[in-house]
Amino acid sequence: MTGVLACVCDRAFPVKTAASGLKQLTGAGRVEIVMDLCSASGIVAAAGKIREHGIDRIVLAGCPVVERTGLAATVAEAAGIPAPHVVPVLLPPNADAAGAAPTIRKALAALEAMPVFETRKVKLAQDVLVIGAGPAGREAARSLASLGHAVTVIDRSEAASTSEAAQPGLEVLTGTIVVGFEGYPGSFQARLRRSAGITERTFGAVIVATGLELAASAAAPFVPGRIVPLQGLIAHLAGLRLRQLPRSLAIVLDLEIDEGKASCGEAYRVAVEALRTYRAAVTLLVRDAKVAALDLNRAFDDAREAGVAVLKYSGAPRIRAGDGEIEISARDSVLGADVRLSCDLVALSPWGLRSPADAHLAGVLGLDLDALDRMQDNSSRLLPAATNRRGVFAVGACRGETWPPAVLRDARAAALEAHALLAPRRMSVDTAHAVVDGDKCVLCLTCVRTCPFRAMGIHAADRCADCRPEACRQCGICAGECPNKAITLPAWSDPIVLGLAGPAPRAAAAARAGTRKAAR
Amino acid sequence: MSAKSGTAARVSKAARITALLCENSAYKAYLDVAGSPEFAGVDVVRLPCSGKSETGLVLRMLEAGSRGVLVVGCPKENCEFVRGSDRADRRVAAARTALADAGVRADRVRMEFVSSVESHRLLAVVRDFAASLDKEATA
């Protein structure tokens with residue numbers, strides 16, 4: 001039965017719509033008025049009405065919040081019906097039944113043209129795998145264990161801390177790596193290799209917290225006693241006699257790639273100490289001074305107030321250690337001019353952040369790396385901790401967050417997200433996912449390569465590509481890419497997209513939608 | 001194909017523009033300005049992601065008499081489906097190559113990136129696209 005749920009609230013959208021009038025004008029099977037659909041109670045009420053009256057195709061009518069946000073999908077999930085069966089529409093403010101009817105009729109017609117989908121529930125494993133026993137990994141593991149999940153923490157190093165193992169529900173495996181990984185949110189099969197051999201375990205979610213491997217920077221031309229690493233700067237100054245102390249000091253960051261917040265924070269601290277304790281004139285050369293974190297802005301202001309000169313440069317600075325002073329030439333991006341700077345001592349940030357081991361792990365886990373080989377693809381939609389693979393989260397330094405308070409916050413956020421995913425114990429999956437026509441598929445693997453969410457795989461028995469509904473987000477990229485047009489997204493087939501589809505006989509539509517579904 | 005695209009190349013100024021809009025960004029931007037005159041000659045097609053726009057579908061729309069096809073997706077680093085806009089961009093480039101190979105002006109297909117709050121930019125994009133097609137028609 002088709003139905004209309006009209007949202008009424010006194011704030012944004014005073015609909016003066018009588019349910020009976022709407023029902024008559026639109027021909028909907030059922031019309032219900034809901035209060036505050038944008039609130040949790042409104043969603044629960046809507047889901048209750050949908051179930052109570054057995055409505056399976058719904059038009060959600062309301063204010064822009066109802067129409068623009070992902071509310072339709074939320075209501076569909078709460079009511080246990082496929083997401084494409086809920087269509088949100090915008091009602092004009094102060095609309096009466098006659099004014100609202102045309103929009104709703106149009107949406108009802110679109111729903112009639114939509115194939116019939118089904119939902120089913122899949123079980124979610126409650127175990128969580130945490131890769132990396134550093135601060136971020138341990139924080140995530142503790143949070144998850146306290147939320148009632150069985151957590152396995154693995155670390156590549158034999159020397160990793162196992163102090164958390166005492167906590168109930170928490171297991172730490174040192175000297176363990178992931179060598180195989182497949183599956184879908186709620187059921188990932190990970191092959192873990194230890195000295196004892198390979199074990200296969202099932203996890204509902206995975207948190208990657210491998211940290212960061214600091215590689216020696218190729219761009220840093222160190223000269224002992226004159227061009228030194230930033231890390232050892234204070235120790236170096238402390239070891240000097242009074243007469244040997246440098247009068248001027250330059251700290252150069254961002255040499256190879258942009259520094260993270262941690263090294264910026266460290267540089268601000270070191271600069272102030274060199275200036276206050278060792279009386280050196282300090283110049284800080286940065287491409288971009290990071291201030292966007294807790295207390296980091298204050299640390300930067302403190303450094304400026306203490307008298308640290310900050311110079312923003314672009315391009316690559318040239319550092320030459322001649323006989324006397326060390327000369328730095330750089331392009332000042334604020335002045336837009338080349339500047340030259342002489343000083344007695346230069347401190348460089350000594351690390352490059354690329355980590356080949358991470359790239360390998362990312363390959364095993366099927367994660368996309370960003371331009372700096374970090375574990376999270378460069379998309380604001382993934383923030384804070386999500387990756388392209390649903391159910392796999394990246395936290396801390398391996399996703400580029402190095403500021404300690406933010407790292408711990410990351411870890412807790414990821415633990416909560418994993419908990420939110422797994423806690424319902426069952427996940428609703430509908431059949432509106434990508435459908436592969438086995439006769440047309442030539443196994444070119446274009447879909448496997450282009451699916452951002454690793455939802456496409458190979459169906460061994462049918463010898464064709466195969467979509468896993470648990471991971472499919474129904475974006476249609478595979479359907480767009482498939483060179484043989486073997487893949488369709490039933491809710492967005494060409495006739496539906498072009499508005500040419502008429503009301504399809506339901507049985508036939510279900511049969512069409514089920515072409516590949518039958519194989520499972 | 002060549003005969004058909006020859007027909008498409010002589011398409012009249014009165015023909016309509018087709019805009020494929022990603023429902024997560026461009027379509028939301030469109031909803032705010034749906035009534036404006038810029039969209040009077042535009043057929044709007046809603047897609048779940050600009051990455052769903054198939055090269056074949058875009059070319060068929062031109063064959064069917066569309067004046068030009070505008071694909072509008074989320075800004076690349078803000079794509080709802082992470083890589084959809086990027087894939088669409090590549091595919092539009094492929095469609096343009098195919099058009100150029102067939103002797104049709106490649107700029108009849110264009111990819112743009114507009115976020116859901118940039119209605120004004122969407123209007124500018126549509127105006128600009130229509131103007132560029134006009135120029136082609138007079139040339």
# chains A, B, ... in the order shown; residues from 1 in each chain; ligands from 1

call {"tool": "closest_atom_pairs", "arguments": {"of": "chain A", "to": "chain B", "cutoff": "9 Å", "atoms": "only C-alpha atoms", "output": "CSV"}}
result
residue,atom,partner,partner_atom,distance
A:Arg68,CA,B:Lys28,CA,6.9
A:Asp377,CA,B:Val82,CA,7.8
A:Asn378,CA,B:Glu77,CA,6.2
A:Ser379,CA,B:Glu77,CA,4.6
A:Ser380,CA,B:Asn78,CA,5.3
A:Arg381,CA,B:Asn78,CA,6.1
A:Leu382,CA,B:Val82,CA,8.1
A:Asn388,CA,B:Val82,CA,7.3
A:Thr450,CA,B:Arg87,CA,8.0
A:Cys451,CA,B:Arg83,CA,8.4
A:Pro452,CA,B:Arg83,CA,6.2
A:Phe453,CA,B:Phe81,CA,8.3
A:Arg473,CA,B:Phe81,CA,8.1
A:Gln474,CA,B:Pro48,CA,7.7
A:Cys475,CA,B:Cys49,CA,5.6
A:Gly476,CA,B:Lys52,CA,4.8
A:Ile477,CA,B:Gly51,CA,4.7
A:Cys478,CA,B:Lys52,CA,7.6
A:Ala479,CA,B:Lys52,CA,6.4
A:Gly480,CA,B:Glu54,CA,4.4
A:Glu481,CA,B:Glu54,CA,6.7
A:Cys482,CA,B:Glu54,CA,8.6
A:Trp492,CA,B:Leu47,CA,7.4
A:Asp494,CA,B:Leu57,CA,8.3
A:Val497,CA,B:Val45,CA,6.5
A:Leu498,CA,B:Val45,CA,6.4
A:Gly499,CA,B:Val45,CA,8.3

call {"tool": "select_by_dssp", "arguments": {"residues": "region 26-266 of chain A", "states": "alpha helix (DSSP H)", "output": "ChimeraX atom specification"}}
result
/A:26,40-52,64-68,71-79,97-113,135-146,233-238,261-266

call {"tool": "select_by_dssp", "arguments": {"residues": "region 188-381 of chain A", "states": "strand (DSSP E)", "output": "JSON list (two decimals) with N, CA, C and O atoms, in the first residue's frame"}}
result
[["chain", "number", "residue", "atom", "x", "y", "z"],
["A", 188, "PHE", "N", 33.84, -9.49, 8.74],
["A", 188, "PHE", "CA", 35.13, -9.46, 8.05],
["A", 188, "PHE", "C", 35.92, -10.71, 8.43],
["A", 188, "PHE", "O", 36.00, -11.05, 9.61],
["A", 189, "GLN", "N", 36.49, -11.39, 7.46],
["A", 189, "GLN", "CA", 37.36, -12.52, 7.77],
["A", 189, "GLN", "C", 38.81, -12.05, 7.65],
["A", 189, "GLN", "O", 39.25, -11.69, 6.56],
["A", 190, "ALA", "N", 39.49, -12.04, 8.78],
["A", 190, "ALA", "CA", 40.88, -11.60, 8.77],
["A", 190, "ALA", "C", 41.78, -12.80, 9.01],
["A", 190, "ALA", "O", 41.50, -13.63, 9.88],
["A", 191, "ARG", "N", 42.84, -12.92, 8.22],
["A", 191, "ARG", "CA", 43.83, -13.96, 8.46],
["A", 191, "ARG", "C", 45.01, -13.32, 9.19],
["A", 191, "ARG", "O", 45.65, -12.41, 8.67],
["A", 192, "LEU", "N", 45.22, -13.77, 10.40],
["A", 192, "LEU", "CA", 46.26, -13.18, 11.24],
["A", 192, "LEU", "C", 47.44, -14.14, 11.30],
["A", 192, "LEU", "O", 47.27, -15.33, 11.56],
["A", 193, "ARG", "N", 48.65, -13.59, 11.07],
["A", 193, "ARG", "CA", 49.84, -14.45, 11.13],
["A", 193, "ARG", "C", 50.66, -14.13, 12.36],
["A", 193, "ARG", "O", 51.05, -12.99, 12.60],
["A", 194, "ARG", "N", 50.89, -15.17, 13.15],
["A", 194, "ARG", "CA", 51.78, -15.08, 14.31],
["A", 194, "ARG", "C", 52.87, -16.11, 14.10],
["A", 194, "ARG", "O", 52.82, -16.89, 13.16],
["A", 197, "GLY", "N", 51.60, -19.54, 13.60],
["A", 197, "GLY", "CA", 50.93, -19.92, 12.36],
["A", 197, "GLY", "C", 49.84, -18.93, 12.02],
["A", 197, "GLY", "O", 49.75, -17.85, 12.60],
["A", 198, "ILE", "N", 49.01, -19.32, 11.05],
["A", 198, "ILE", "CA", 47.97, -18.40, 10.58],
["A", 198, "ILE", "C", 46.62, -18.82, 11.15],
["A", 198, "ILE", "O", 46.26, -19.99, 11.11],
["A", 199, "THR", "N", 45.92, -17.87, 11.73],
["A", 199, "THR", "CA", 44.57, -18.16, 12.20],
["A", 199, "THR", "C", 43.60, -17.27, 11.44],
["A", 199, "THR", "O", 43.93, -16.15, 11.08],
["A", 200, "GLU", "N", 42.39, -17.80, 11.20],
["A", 200, "GLU", "CA", 41.38, -16.98, 10.55],
["A", 200, "GLU", "C", 40.31, -16.64, 11.57],
["A", 200, "GLU", "O", 39.80, -17.52, 12.26],
["A", 201, "ARG", "N", 40.00, -15.36, 11.67],
["A", 201, "ARG", "CA", 39.02, -14.92, 12.66],
["A", 201, "ARG", "C", 37.99, -14.02, 11.99],
["A", 201, "ARG", "O", 38.27, -13.40, 10.97],
["A", 202, "THR", "N", 36.82, -13.96, 12.59],
["A", 202, "THR", "CA", 35.76, -13.10, 12.06],
["A", 202, "THR", "C", 35.57, -11.89, 12.98],
["A", 202, "THR", "O", 35.50, -12.06, 14.20],
["A", 203, "PHE", "N", 35.53, -10.72, 12.37],
["A", 203, "PHE", "CA", 35.33, -9.50, 13.14],
["A", 203, "PHE", "C", 34.20, -8.69, 12.53],
["A", 203, "PHE", "O", 33.99, -8.71, 11.32],
["A", 205, "ALA", "N", 33.96, -5.32, 12.96],
["A", 205, "ALA", "CA", 34.52, -4.04, 12.53],
["A", 205, "ALA", "C", 36.02, -4.05, 12.79],
["A", 205, "ALA", "O", 36.52, -4.88, 13.56],
["A", 206, "VAL", "N", 36.72, -3.15, 12.16],
["A", 206, "VAL", "CA", 38.17, -3.08, 12.30],
["A", 206, "VAL", "C", 38.57, -1.63, 12.53],
["A", 206, "VAL", "O", 38.04, -0.72, 11.88],
["A", 207, "ILE", "N", 39.46, -1.42, 13.49],
["A", 207, "ILE", "CA", 40.00, -0.08, 13.69],
["A", 207, "ILE", "C", 41.50, -0.13, 13.41],
["A", 207, "ILE", "O", 42.22, -0.92, 14.01],
["A", 208, "VAL", "N", 41.94, 0.66, 12.46],
["A", 208, "VAL", "CA", 43.35, 0.69, 12.10],
["A", 208, "VAL", "C", 44.00, 1.85, 12.84],
["A", 208, "VAL", "O", 43.59, 2.99, 12.69],
["A", 215, "ALA", "N", 60.33, 8.14, 8.53],
["A", 215, "ALA", "CA", 61.47, 7.82, 7.70],
["A", 215, "ALA", "C", 62.39, 9.03, 7.70],
["A", 215, "ALA", "O", 61.94, 10.16, 7.87],
["A", 216, "ALA", "N", 63.69, 8.80, 7.51],
["A", 216, "ALA", "CA", 64.62, 9.92, 7.46],
["A", 216, "ALA", "C", 64.28, 10.77, 6.25],
["A", 216, "ALA", "O", 63.98, 10.27, 5.17],
["A", 227, "ILE", "N", 73.61, 22.17, 11.16],
["A", 227, "ILE", "CA", 72.23, 21.92, 10.73],
["A", 227, "ILE", "C", 71.80, 20.64, 11.43],
["A", 227, "ILE", "O", 72.30, 19.56, 11.13],
["A", 228, "VAL", "N", 70.92, 20.78, 12.40],
["A", 228, "VAL", "CA", 70.61, 19.65, 13.29],
["A", 228, "VAL", "C", 69.12, 19.30, 13.22],
["A", 228, "VAL", "O", 68.31, 20.13, 12.81],
["A", 229, "PRO", "N", 68.79, 18.09, 13.64],
["A", 229, "PRO", "CA", 67.36, 17.73, 13.69],
["A", 229, "PRO", "C", 66.64, 18.51, 14.79],
["A", 229, "PRO", "O", 67.21, 18.78, 15.84],
["A", 248, "SER", "N", 71.81, 33.32, 16.61],
["A", 248, "SER", "CA", 70.57, 33.26, 15.83],
["A", 248, "SER", "C", 70.30, 31.82, 15.43],
["A", 248, "SER", "O", 71.23, 31.05, 15.15],
["A", 249, "LEU", "N", 69.03, 31.48, 15.43],
["A", 249, "LEU", "CA", 68.61, 30.10, 15.17],
["A", 249, "LEU", "C", 67.42, 30.14, 14.22],
["A", 249, "LEU", "O", 66.52, 30.96, 14.37],
["A", 250, "ALA", "N", 67.46, 29.28, 13.22],
["A", 250, "ALA", "CA", 66.30, 29.16, 12.33],
["A", 250, "ALA", "C", 65.74, 27.76, 12.43],
["A", 250, "ALA", "O", 66.50, 26.79, 12.43],
["A", 251, "ILE", "N", 64.44, 27.66, 12.57],
["A", 251, "ILE", "CA", 63.77, 26.35, 12.57],
["A", 251, "ILE", "C", 62.97, 26.26, 11.28],
["A", 251, "ILE", "O", 62.13, 27.12, 11.01],
["A", 252, "VAL", "N", 63.27, 25.26, 10.47],
["A", 252, "VAL", "CA", 62.59, 25.14, 9.17],
["A", 252, "VAL", "C", 61.69, 23.91, 9.19],
["A", 252, "VAL", "O", 62.16, 22.80, 9.40],
["A", 281, "ALA", "N", 68.12, 34.48, 18.89],
["A", 281, "ALA", "CA", 67.06, 35.08, 18.07],
["A", 281, "ALA", "C", 66.51, 33.97, 17.18],
["A", 281, "ALA", "O", 67.26, 33.36, 16.43],
["A", 282, "VAL", "N", 65.23, 33.68, 17.31],
["A", 282, "VAL", "CA", 64.68, 32.51, 16.62],
["A", 282, "VAL", "C", 63.78, 32.94, 15.48],
["A", 282, "VAL", "O", 62.90, 33.78, 15.65],
["A", 283, "THR", "N", 64.01, 32.36, 14.32],
["A", 283, "THR", "CA", 63.10, 32.54, 13.19],
["A", 283, "THR", "C", 62.51, 31.18, 12.85],
["A", 283, "THR", "O", 63.24, 30.19, 12.76],
["A", 284, "LEU", "N", 61.20, 31.15, 12.70],
["A", 284, "LEU", "CA", 60.52, 29.90, 12.36],
["A", 284, "LEU", "C", 60.06, 30.01, 10.91],
["A", 284, "LEU", "O", 59.32, 30.92, 10.55],
["A", 285, "LEU", "N", 60.54, 29.11, 10.06],
["A", 285, "LEU", "CA", 60.14, 29.12, 8.66],
["A", 285, "LEU", "C", 59.15, 28.00, 8.41],
["A", 285, "LEU", "O", 59.47, 26.83, 8.64],
["A", 286, "VAL", "N", 57.96, 28.37, 7.98],
["A", 286, "VAL", "CA", 56.92, 27.37, 7.75],
["A", 286, "VAL", "C", 56.22, 27.69, 6.44],
["A", 286, "VAL", "O", 56.21, 28.82, 5.98],
["A", 309, "ALA", "N", 60.24, 35.09, 15.38],
["A", 309, "ALA", "CA", 59.81, 35.63, 14.09],
["A", 309, "ALA", "C", 59.31, 34.49, 13.23],
["A", 309, "ALA", "O", 59.95, 33.44, 13.17],
["A", 310, "VAL", "N", 58.16, 34.68, 12.61],
["A", 310, "VAL", "CA", 57.60, 33.62, 11.78],
["A", 310, "VAL", "C", 57.63, 34.07, 10.32],
["A", 310, "VAL", "O", 57.19, 35.18, 10.01],
["A", 311, "LEU", "N", 58.17, 33.22, 9.48],
["A", 311, "LEU", "CA", 58.26, 33.56, 8.06],
["A", 311, "LEU", "C", 57.57, 32.46, 7.27],
["A", 311, "LEU", "O", 57.89, 31.27, 7.43],
["A", 312, "LYS", "N", 56.59, 32.84, 6.48],
["A", 312, "LYS", "CA", 55.90, 31.84, 5.66],
["A", 312, "LYS", "C", 56.55, 31.78, 4.29],
["A", 312, "LYS", "O", 56.69, 32.81, 3.63],
["A", 313, "TYR", "N", 56.97, 30.61, 3.90],
["A", 313, "TYR", "CA", 57.64, 30.50, 2.60],
["A", 313, "TYR", "C", 56.84, 29.61, 1.67],
["A", 313, "TYR", "O", 55.99, 28.83, 2.09],
["A", 314, "SER", "N", 57.14, 29.74, 0.39],
["A", 314, "SER", "CA", 56.57, 28.82, -0.59],
["A", 314, "SER", "C", 57.72, 28.23, -1.39],
["A", 314, "SER", "O", 58.83, 28.76, -1.39],
["A", 315, "GLY", "N", 57.47, 27.13, -2.03],
["A", 315, "GLY", "CA", 58.53, 26.47, -2.78],
["A", 315, "GLY", "C", 59.51, 25.79, -1.85],
["A", 315, "GLY", "O", 59.24, 25.59, -0.68],
["A", 316, "ALA", "N", 60.70, 25.46, -2.37],
["A", 316, "ALA", "CA", 61.71, 24.79, -1.55],
["A", 316, "ALA", "C", 62.75, 25.81, -1.11],
["A", 316, "ALA", "O", 63.33, 26.50, -1.94],
["A", 317, "PRO", "N", 62.99, 25.92, 0.20],
["A", 317, "PRO", "CA", 64.03, 26.85, 0.65],
["A", 317, "PRO", "C", 65.43, 26.27, 0.39],
["A", 317, "PRO", "O", 65.59, 25.05, 0.39],
["A", 318, "ARG", "N", 66.40, 27.15, 0.13],
["A", 318, "ARG", "CA", 67.79, 26.67, -0.06],
["A", 318, "ARG", "C", 68.57, 26.93, 1.22],
["A", 318, "ARG", "O", 68.55, 28.04, 1.76],
["A", 319, "ILE", "N", 69.25, 25.92, 1.72],
["A", 319, "ILE", "CA", 70.01, 26.07, 2.96],
["A", 319, "ILE", "C", 71.47, 25.78, 2.63],
["A", 319, "ILE", "O", 71.80, 24.69, 2.17],
["A", 320, "ARG", "N", 72.36, 26.79, 2.82],
["A", 320, "ARG", "CA", 73.77, 26.58, 2.51],
["A", 320, "ARG", "C", 74.61, 26.84, 3.75],
["A", 320, "ARG", "O", 74.53, 27.91, 4.36],
["A", 321, "ALA", "N", 75.40, 25.85, 4.12],
["A", 321, "ALA", "CA", 76.27, 26.02, 5.26],
["A", 321, "ALA", "C", 77.66, 26.39, 4.74],
["A", 321, "ALA", "O", 78.41, 25.53, 4.30],
["A", 326, "ILE", "N", 75.22, 30.24, 8.37],
["A", 326, "ILE", "CA", 74.43, 29.42, 7.46],
["A", 326, "ILE", "C", 73.42, 30.33, 6.78],
["A", 326, "ILE", "O", 72.79, 31.17, 7.44],
["A", 327, "GLU", "N", 73.32, 30.19, 5.47],
["A", 327, "GLU", "CA", 72.44, 31.09, 4.73],
["A", 327, "GLU", "C", 71.21, 30.33, 4.23],
["A", 327, "GLU", "O", 71.32, 29.25, 3.66],
["A", 328, "ILE", "N", 70.04, 30.90, 4.48],
["A", 328, "ILE", "CA", 68.80, 30.30, 3.99],
["A", 328, "ILE", "C", 68.16, 31.28, 3.03],
["A", 328, "ILE", "O", 67.98, 32.46, 3.38],
["A", 329, "SER", "N", 67.87, 30.84, 1.83],
["A", 329, "SER", "CA", 67.10, 31.72, 0.94],
["A", 329, "SER", "C", 65.78, 31.04, 0.62],
["A", 329, "SER", "O", 65.72, 29.84, 0.37],
["A", 330, "ALA", "N", 64.73, 31.84, 0.67],
["A", 330, "ALA", "CA", 63.40, 31.28, 0.46],
["A", 330, "ALA", "C", 62.50, 32.35, -0.12],
["A", 330, "ALA", "O", 62.81, 33.55, -0.08],
["A", 331, "ARG", "N", 61.41, 31.91, -0.67],
["A", 331, "ARG", "CA", 60.41, 32.83, -1.22],
["A", 331, "ARG", "C", 59.40, 33.12, -0.12],
["A", 331, "ARG", "O", 58.70, 32.21, 0.35],
["A", 332, "ASP", "N", 59.36, 34.38, 0.34],
["A", 332, "ASP", "CA", 58.39, 34.75, 1.37],
["A", 332, "ASP", "C", 57.01, 34.88, 0.73],
["A", 332, "ASP", "O", 56.79, 35.75, -0.11],
["A", 337, "ALA", "N", 58.23, 38.06, -2.06],
["A", 337, "ALA", "CA", 59.60, 38.40, -2.48],
["A", 337, "ALA", "C", 60.57, 37.35, -1.97],
["A", 337, "ALA", "O", 60.27, 36.63, -1.02],
["A", 338, "ASP", "N", 61.71, 37.24, -2.62],
["A", 338, "ASP", "CA", 62.75, 36.33, -2.12],
["A", 338, "ASP", "C", 63.44, 36.97, -0.93],
["A", 338, "ASP", "O", 63.75, 38.17, -0.95],
["A", 339, "VAL", "N", 63.67, 36.17, 0.11],
["A", 339, "VAL", "CA", 64.37, 36.72, 1.28],
["A", 339, "VAL", "C", 65.58, 35.86, 1.58],
["A", 339, "VAL", "O", 65.61, 34.67, 1.27],
["A", 340, "ARG", "N", 66.61, 36.50, 2.16],
["A", 340, "ARG", "CA", 67.79, 35.74, 2.58],
["A", 340, "ARG", "C", 67.98, 35.93, 4.07],
["A", 340, "ARG", "O", 67.72, 37.00, 4.61],
["A", 341, "LEU", "N", 68.43, 34.89, 4.70],
["A", 341, "LEU", "CA", 68.46, 34.89, 6.16],
["A", 341, "LEU", "C", 69.78, 34.23, 6.57],
["A", 341, "LEU", "O", 70.12, 33.18, 6.04],
["A", 342, "SER", "N", 70.54, 34.87, 7.47],
["A", 342, "SER", "CA", 71.77, 34.25, 7.95],
["A", 342, "SER", "C", 71.61, 33.89, 9.42],
["A", 342, "SER", "O", 71.03, 34.65, 10.19],
["A", 343, "CYS", "N", 72.11, 32.74, 9.80],
["A", 343, "CYS", "CA", 72.02, 32.37, 11.21],
["A", 343, "CYS", "C", 73.14, 31.41, 11.57],
["A", 343, "CYS", "O", 73.84, 30.88, 10.70],
["A", 345, "LEU", "N", 72.73, 28.61, 13.56],
["A", 345, "LEU", "CA", 72.30, 27.22, 13.74],
["A", 345, "LEU", "C", 70.95, 27.04, 13.05],
["A", 345, "LEU", "O", 70.10, 27.92, 13.11],
["A", 346, "VAL", "N", 70.79, 25.90, 12.39],
["A", 346, "VAL", "CA", 69.51, 25.62, 11.74],
["A", 346, "VAL", "C", 68.98, 24.29, 12.27],
["A", 346, "VAL", "O", 69.74, 23.33, 12.41],
["A", 347, "ALA", "N", 67.71, 24.27, 12.61],
["A", 347, "ALA", "CA", 67.08, 23.01, 13.02],
["A", 347, "ALA", "C", 66.03, 22.65, 11.98],
["A", 347, "ALA", "O", 65.20, 23.47, 11.62],
["A", 348, "LEU", "N", 66.13, 21.42, 11.51],
["A", 348, "LEU", "CA", 65.19, 20.96, 10.49],
["A", 348, "LEU", "C", 64.34, 19.85, 11.06],
["A", 348, "LEU", "O", 64.79, 19.07, 11.90],
["A", 351, "TRP", "N", 61.96, 14.32, 9.59],
["A", 351, "TRP", "CA", 61.29, 13.13, 9.10],
["A", 351, "TRP", "C", 60.46, 13.37, 7.84],
["A", 351, "TRP", "O", 59.93, 14.43, 7.60],
["A", 352, "GLY", "N", 60.36, 12.31, 7.09],
["A", 352, "GLY", "CA", 59.36, 12.24, 6.05],
["A", 352, "GLY", "C", 58.30, 11.31, 6.61],
["A", 352, "GLY", "O", 58.61, 10.45, 7.42]]

call {"tool": "residues_around", "arguments": {"residues": "region 125-128 of chain B", "least_positions_apart": "6", "cutoff": "10 Å", "atoms": "only C-alpha atoms", "output": "PyMOL selection string"}}
result
chain B and resi 17+19+37-39+42+70+72+110-114+119+134

call {"tool": "residues_around", "arguments": {"residues": "Val122 (chain A)", "least_positions_apart": "2", "cutoff": "12 Å", "atoms": "only C-alpha atoms", "output": "VMD selection string"}}
result
chain A and resid 119 to 120 124 to 125 184 to 187 204 422 424 to 430 468 to 471

call {"tool": "closest_residue", "arguments": {"among": "B:Arg16, B:Arg96, B:Arg108, B:Arg90", "to": "Gly65 (chain B)", "atoms": "only C-alpha atoms"}}
result
B:Arg16

call {"tool": "residues_around", "arguments": {"residues": "Asp358 (chain A)", "least_positions_apart": "6", "cutoff": "9 Å", "atoms": "only C-alpha atoms", "output": "number ranges by chain"}}
result
A: 210-213, 373-375, 398

call {"tool": "write_last_selection", "arguments": {"atoms": "C-alpha atoms", "output": "PDB file, in the first residue's frame"}}
result
ATOM      1  CA  THR A 210      49.092   1.691  13.054  1.00  0.00           C
ATOM      2  CA  GLY A 211      50.566   5.073  13.797  1.00  0.00           C
ATOM      3  CA  LEU A 212      53.213   6.557  11.660  1.00  0.00           C
ATOM      4  CA  GLU A 213      56.611   5.400  10.575  1.00  0.00           C
ATOM      5  CA  ASP A 373      49.936   7.611   1.632  1.00  0.00           C
ATOM      6  CA  ARG A 374      47.766   8.032   4.679  1.00  0.00           C
ATOM      7  CA  MET A 375      45.070   5.523   5.494  1.00  0.00           C
ATOM      8  CA  CYS A 398      47.928   6.675  10.225  1.00  0.00           C
TER       9      CYS A 398
END

call {"tool": "closest_residue", "arguments": {"among": "A:Ala371, A:Val178, A:Ala413, A:Leu489", "to": "Val436 (chain A)", "atoms": "only C-alpha atoms"}}
result
A:Leu489

call {"tool": "closest_residue", "arguments": {"among": "A:Lys121, A:Lys106, A:Arg226, A:Arg389", "to": "Asp344 (chain A)", "atoms": "only C-alpha atoms"}}
result
A:Arg226

call {"tool": "residues_around", "arguments": {"residues": "region 131-145 of chain A", "least_positions_apart": "3", "cutoff": "8 Å", "atoms": "only C-alpha atoms", "output": "number ranges by chain"}}
result
A: 128, 148-156, 160-161, 164, 167-170, 206-211, 395-396, 407-408, 410-412, 414-416, 419

call {"tool": "atom_distance", "arguments": {"atom1": "CA of Arg67 (chain B)", "atom2": "CA of Ala40 (chain B)"}}
result
13.6 Å

call {"tool": "decode", "arguments": {"residues": "region 19-25 of chain B", "atoms": "N, CA, C and O atoms", "output": "CSV table (one decimal), in the first residue's frame"}}
result
chain,number,residue,atom,x,y,z
B,19,ALA,N,20.7,18.4,-18.1
B,19,ALA,CA,21.6,18.6,-17.0
B,19,ALA,C,21.5,17.3,-16.1
B,19,ALA,O,20.4,17.0,-15.6
B,20,LEU,N,22.6,16.6,-15.9
B,20,LEU,CA,22.6,15.4,-15.1
B,20,LEU,C,23.1,15.9,-13.7
B,20,LEU,O,24.3,16.3,-13.6
B,21,LEU,N,22.3,15.9,-12.7
B,21,LEU,CA,22.6,16.5,-11.4
B,21,LEU,C,22.7,15.4,-10.4
B,21,LEU,O,21.8,14.6,-10.2
B,22,CYS,N,23.8,15.4,-9.6
B,22,CYS,CA,24.0,14.5,-8.5
B,22,CYS,C,23.0,14.9,-7.4
B,22,CYS,O,22.9,16.1,-7.0
B,23,GLU,N,22.3,14.0,-6.8
B,23,GLU,CA,21.2,14.3,-5.9
B,23,GLU,C,21.8,14.8,-4.5
B,23,GLU,O,21.1,15.3,-3.7
B,24,ASN,N,23.1,14.5,-4.3
B,24,ASN,CA,23.7,14.9,-3.0
B,24,ASN,C,24.2,16.4,-3.0
B,24,ASN,O,24.4,16.9,-2.0
B,25,SER,N,24.4,16.9,-4.2
B,25,SER,CA,24.9,18.3,-4.2
B,25,SER,C,24.1,19.2,-5.2
B,25,SER,O,23.3,20.0,-4.8
